[in-house]
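Novice: Below is final-v5.cif; it holds mmCIF, C-alpha atoms.
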```
data_run
loop_
_atom_site.label_atom_id
_atom_site.label_comp_id
_atom_site.auth_asym_id
_atom_site.auth_seq_id
_atom_site.Cartn_x
_atom_site.Cartn_y
_atom_site.Cartn_z
CA MET A 739 0.00 0.00 0.00
CA LEU A 740 1.29 3.43 -0.92
CA PRO A 741 1.07 6.38 1.44
CA THR A 742 -0.88 9.53 0.64
CA PHE A 743 1.07 12.79 0.66
CA GLU A 744 -0.02 16.40 1.12
CA THR A 745 2.01 19.44 0.23
CA GLY A 746 1.12 23.10 0.55
CA ARG A 747 -1.09 22.97 -2.55
CA LEU A 748 -1.41 19.32 -3.53
CA ILE A 749 -2.76 15.93 -2.54
CA LEU A 750 -1.02 12.82 -3.86
CA ARG A 751 -2.87 9.56 -3.42
CA PRO A 752 -2.19 6.08 -4.81
CA ARG A 753 -3.40 5.82 -8.41
CA THR A 754 -6.32 3.44 -8.93
CA MET A 755 -8.53 2.25 -11.76
CA ALA A 756 -10.84 5.15 -10.88
CA ASP A 757 -8.17 7.39 -12.45
CA ILE A 758 -7.91 5.55 -15.78
CA GLU A 759 -10.19 7.86 -17.80
CA ASP A 760 -8.31 10.93 -16.58
CA CYS A 761 -4.98 9.28 -17.46
CA PHE A 762 -6.32 8.24 -20.85
CA ALA A 763 -7.51 11.78 -21.62
CA MET A 764 -4.23 13.33 -20.45
CA ASP A 765 -2.13 10.98 -22.61
CA ARG A 766 -4.22 11.73 -25.70
CA ASP A 767 -3.00 15.34 -25.65
CA PRO A 768 -0.05 15.17 -28.08
CA GLU A 769 1.74 18.00 -26.26
CA VAL A 770 1.68 15.98 -23.02
CA THR A 771 3.18 12.83 -24.56
CA LYS A 772 5.35 14.52 -27.19
CA PHE A 773 8.61 13.28 -25.65
CA ILE A 774 7.43 9.87 -24.42
CA PRO A 775 7.14 6.94 -26.85
CA GLY A 776 4.05 4.88 -26.16
CA PRO A 777 0.76 3.54 -27.46
CA TRP A 778 -0.97 6.93 -27.21
CA ASN A 779 -2.57 6.77 -30.68
CA ASP A 780 -3.90 3.20 -30.38
CA PRO A 781 -6.87 3.31 -27.95
CA LYS A 782 -6.93 -0.43 -27.29
CA ALA A 783 -3.17 -0.75 -26.70
CA HIS A 784 -3.18 2.49 -24.67
CA ARG A 785 -5.96 1.27 -22.36
CA LEU A 786 -4.18 -2.07 -21.91
CA PHE A 787 -0.91 -0.27 -21.09
CA LEU A 788 -2.65 1.95 -18.51
CA THR A 789 -4.53 -0.97 -16.96
CA ARG A 790 -1.33 -2.99 -16.58
CA ARG A 791 0.51 -0.06 -15.03
CA ILE A 792 -2.32 0.75 -12.61
CA GLU A 793 -2.76 -2.87 -11.52
CA ALA A 794 0.96 -3.74 -11.33
CA ASP A 795 2.70 -4.51 -8.06
CA PHE A 796 6.03 -2.71 -8.37
CA GLY A 797 7.17 -3.67 -4.89
CA ASN A 798 6.76 -2.36 -1.38
CA GLY A 799 6.35 1.42 -1.37
CA LEU A 800 6.64 1.73 -5.15
CA GLY A 801 3.98 2.74 -7.65
CA TYR A 802 2.08 5.71 -9.04
CA TRP A 803 0.45 8.62 -7.22
CA SER A 804 -2.36 10.66 -8.75
CA VAL A 805 -1.97 14.39 -8.14
CA PHE A 806 -4.82 16.75 -7.21
CA ALA A 807 -4.92 20.40 -6.17
CA LYS A 808 -6.18 20.97 -2.62
CA GLU A 809 -8.37 23.81 -3.91
CA ASN A 810 -10.18 21.35 -6.20
CA PRO A 811 -9.50 17.80 -4.94
CA LYS A 812 -11.59 16.13 -7.67
CA GLN A 813 -9.56 17.72 -10.50
CA PHE A 814 -6.94 15.24 -11.74
CA LEU A 815 -3.69 17.07 -12.49
CA GLY A 816 -1.54 14.09 -13.42
CA TRP A 817 0.72 11.58 -11.71
CA ILE A 818 4.12 10.96 -10.15
CA LEU A 819 5.74 7.53 -10.29
CA LEU A 820 8.41 5.76 -8.28
CA ILE A 821 8.93 2.36 -9.90
CA PRO A 822 11.69 0.08 -11.14
CA ASP A 823 13.30 1.64 -14.24
CA ASP A 824 11.02 0.98 -17.24
CA ALA A 825 8.93 -1.20 -14.88
CA VAL A 826 11.72 -3.82 -14.69
CA GLY A 827 14.65 -2.27 -12.79
CA PRO A 828 17.03 -2.78 -11.16
CA GLU A 829 17.34 1.00 -10.74
CA ILE A 830 14.39 2.91 -9.28
CA GLU A 831 13.07 5.80 -11.34
CA ILE A 832 10.96 8.82 -10.53
CA GLY A 833 8.77 10.20 -13.27
CA TRP A 834 5.92 12.62 -13.79
CA ARG A 835 3.21 13.57 -16.21
CA LEU A 836 0.78 16.42 -15.70
CA ASN A 837 -2.10 17.82 -17.74
CA ARG A 838 -1.18 20.77 -19.91
CA PHE A 839 -3.49 23.12 -17.96
CA SER A 840 -1.40 22.52 -14.83
CA TRP A 841 1.98 23.30 -16.43
CA GLY A 842 4.07 26.24 -15.32
CA LYS A 843 2.70 26.35 -11.77
CA GLY A 844 5.43 24.40 -10.00
CA TYR A 845 3.12 21.46 -9.31
CA THR A 846 5.47 18.81 -10.70
CA THR A 847 8.41 19.78 -8.51
CA GLU A 848 6.13 20.18 -5.49
CA ALA A 849 4.55 16.75 -6.06
CA ALA A 850 7.85 14.97 -6.69
CA ARG A 851 9.56 16.17 -3.49
CA PRO A 852 7.58 14.04 -1.02
CA VAL A 853 7.94 11.03 -3.32
CA LEU A 854 11.73 11.48 -3.32
CA ALA A 855 11.68 11.91 0.47
CA HIS A 856 9.70 8.66 0.67
CA ALA A 857 12.24 6.92 -1.60
CA PHE A 858 15.17 7.85 0.63
CA ALA A 859 13.71 8.11 4.16
CA THR A 860 11.09 5.35 4.08
CA LEU A 861 12.41 2.93 1.47
CA GLY A 862 16.07 3.54 2.23
CA LEU A 863 17.08 3.81 -1.42
CA ASP A 864 20.60 5.00 -2.17
CA CYS A 865 19.83 6.51 -5.58
CA VAL A 866 16.85 7.45 -7.77
CA ILE A 867 17.04 8.09 -11.52
CA ALA A 868 14.90 9.86 -14.12
CA ASP A 869 15.31 9.18 -17.84
CA ILE A 870 14.39 12.27 -19.86
CA ALA A 871 14.28 12.99 -23.60
CA PRO A 872 16.89 15.62 -24.52
CA GLY A 873 14.29 18.04 -25.96
CA ASN A 874 12.04 17.89 -22.90
CA ILE A 875 13.29 21.13 -21.37
CA ALA A 876 10.43 21.36 -18.83
CA SER A 877 11.21 17.91 -17.39
CA ILE A 878 14.93 18.66 -17.36
CA ARG A 879 14.20 21.81 -15.33
CA VAL A 880 12.07 19.83 -12.87
CA ALA A 881 14.83 17.25 -12.48
CA GLU A 882 17.39 20.00 -11.84
CA LYS A 883 15.12 21.73 -9.29
CA LEU A 884 14.84 18.39 -7.49
CA GLY A 885 18.63 18.05 -7.42
CA LEU A 886 19.02 15.38 -10.12
CA SER A 887 22.06 15.60 -12.36
CA PRO A 888 22.69 14.05 -15.78
CA THR A 889 24.91 10.96 -15.55
CA ARG A 890 24.80 9.12 -18.86
CA GLU A 891 23.06 8.73 -22.18
CA THR A 892 20.54 5.93 -22.54
CA ASN A 893 17.58 5.10 -24.77
CA TYR A 894 13.93 4.32 -24.35
CA LEU A 895 12.14 2.33 -27.04
CA GLY A 896 14.93 3.16 -29.46
CA GLN A 897 14.94 6.91 -28.78
CA PRO A 898 17.82 8.76 -27.10
CA PHE A 899 17.29 9.81 -23.50
CA ALA A 900 19.55 11.16 -20.77
CA SER A 901 19.61 9.48 -17.39
CA TYR A 902 19.55 11.86 -14.43
CA GLN A 903 20.11 10.77 -10.86
CA ILE A 904 20.12 11.90 -7.27
CA THR A 905 21.68 10.10 -4.34
CA ARG A 906 20.30 9.99 -0.83
CA GLY A 907 23.23 12.12 0.36
CA ALA A 908 22.59 14.78 -2.28
CA PHE A 909 18.87 14.84 -1.46
CA GLU A 910 19.52 15.15 2.27
CA ALA A 911 21.98 17.98 1.61
CA GLU A 912 19.34 20.00 -0.29
#
```
Output the structure of this file as structure tokens.
Specialist:
Amino acid sequence: MLPTFETGRLILRPRTMADIEDCFAMDRDPEVTKFIPGPWNDPKAHRLFLTRRIEADFGNGLGYWSVFAKENPKQFLGWILLIPDDAVGPEIEIGWRLNRFSWGKGYTTEAARPVLAHAFATLGLDCVIADIAPGNIASIRVAEKLGLSPTRETNYLGQPFASYQITRGAFEAE
């Protein structure tokens, strides 16, 4: 079971099948998924992908959190994940996706901070990574605000990505 987190403006609760339609709608915005390869244009494959991700057991304390604004707790803003890299590991990755209408408000950084704190303080992880497409400037800025640094080039589904990371020591020093 995943914990629920509250920040100054946000509520993060474990993602459930009740969130699937909101996730589906968010992913169908081509600006939202522009840098992430996936089955976004195939409704059947997309729904299957979402269902598998929502129902997956990624391990104790790992999974997806749906993000909501405290001022409107029924409005789905997006999600934050903490799962094995590409759902298989061994590294643990943090990731995020928010609806376009919630961009530019600092929500992603605010939502990711308690998930990183959970990764290090509760789960005792030594390092967390985030793989980001080189052109995804907004995600790179979020990673940098969170204290992640680029470490190596990698690829995701045949596309070049950069792997960013933060260690427990670096997070605690922030």
Novice: Can you work out which one of A:Ile904, A:Leu786, A:Met739, A:Ala763 has the shortest atom-to-atom distance to Ile830 of chain A, counting only C-alpha atoms?
Specialist: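 Checking each of A:Ile904, A:Leu786, A:Met739, A:Ala763 against Ile830 of chain A, counting only C-alpha atoms, the winner is A:Ile904.
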Novice: Of the candidates A:Ala857, A:Pro872, A:Trp841, A:Leu820, which shows the shortest atom-to-atom distance to Tyr894 of chain A, using all atoms listed in the file?
Specialist: A:Pro872
Novice: Using all atoms listed in the file, tabulate the residues of segment 893-912 of chain A lying at most 12 Å from any atom of segment 771-780 of chain A, each with its closest atom pair and that distance in Å to one decimal, by chain and increasing residue number, as a tab-separated table.
Specialist:
```
residue	atom	partner	partner_atom	distance
A:Asn893	CA	A:Pro775	CA	10.8
A:Tyr894	CA	A:Pro775	CA	7.7
A:Leu895	CA	A:Pro775	CA	6.8
A:Gly896	CA	A:Pro775	CA	9.0
A:Gln897	CA	A:Pro775	CA	8.0
A:Pro898	CA	A:Phe773	CA	10.4
A:Phe899	CA	A:Phe773	CA	9.6
```
Novice: Would you list the contacts of Phe796 of chain A as JSON, numbers by chain, taking every protein, DNA or RNA residue within 7 Å and counting all atoms listed in the file, but skipping same-chain residues closer than 5 positions in sequence?
Specialist: {"A": [801, 821, 822]}
Novice: Just the residues within 12 Å of Thr860 of chain A, please, counting only C-alpha atoms, with nothing from its chain fewer than 4 positions along; format it as a list in words.
Specialist: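 Residues meeting the cut-off are Leu740, Pro741, Asn798, Gly799, Leu800, Pro852, Val853, Leu854, Ala855, His856, Asp864 and Arg906 of chain A.
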Novice: Let me make sure I understand: among A:Ala783, A:Leu815, A:Val770, A:Ala859, which one has the smallest atom-to-atom distance to Ser877 of chain A if we use only C-alpha atoms?
Specialist: A:Val770
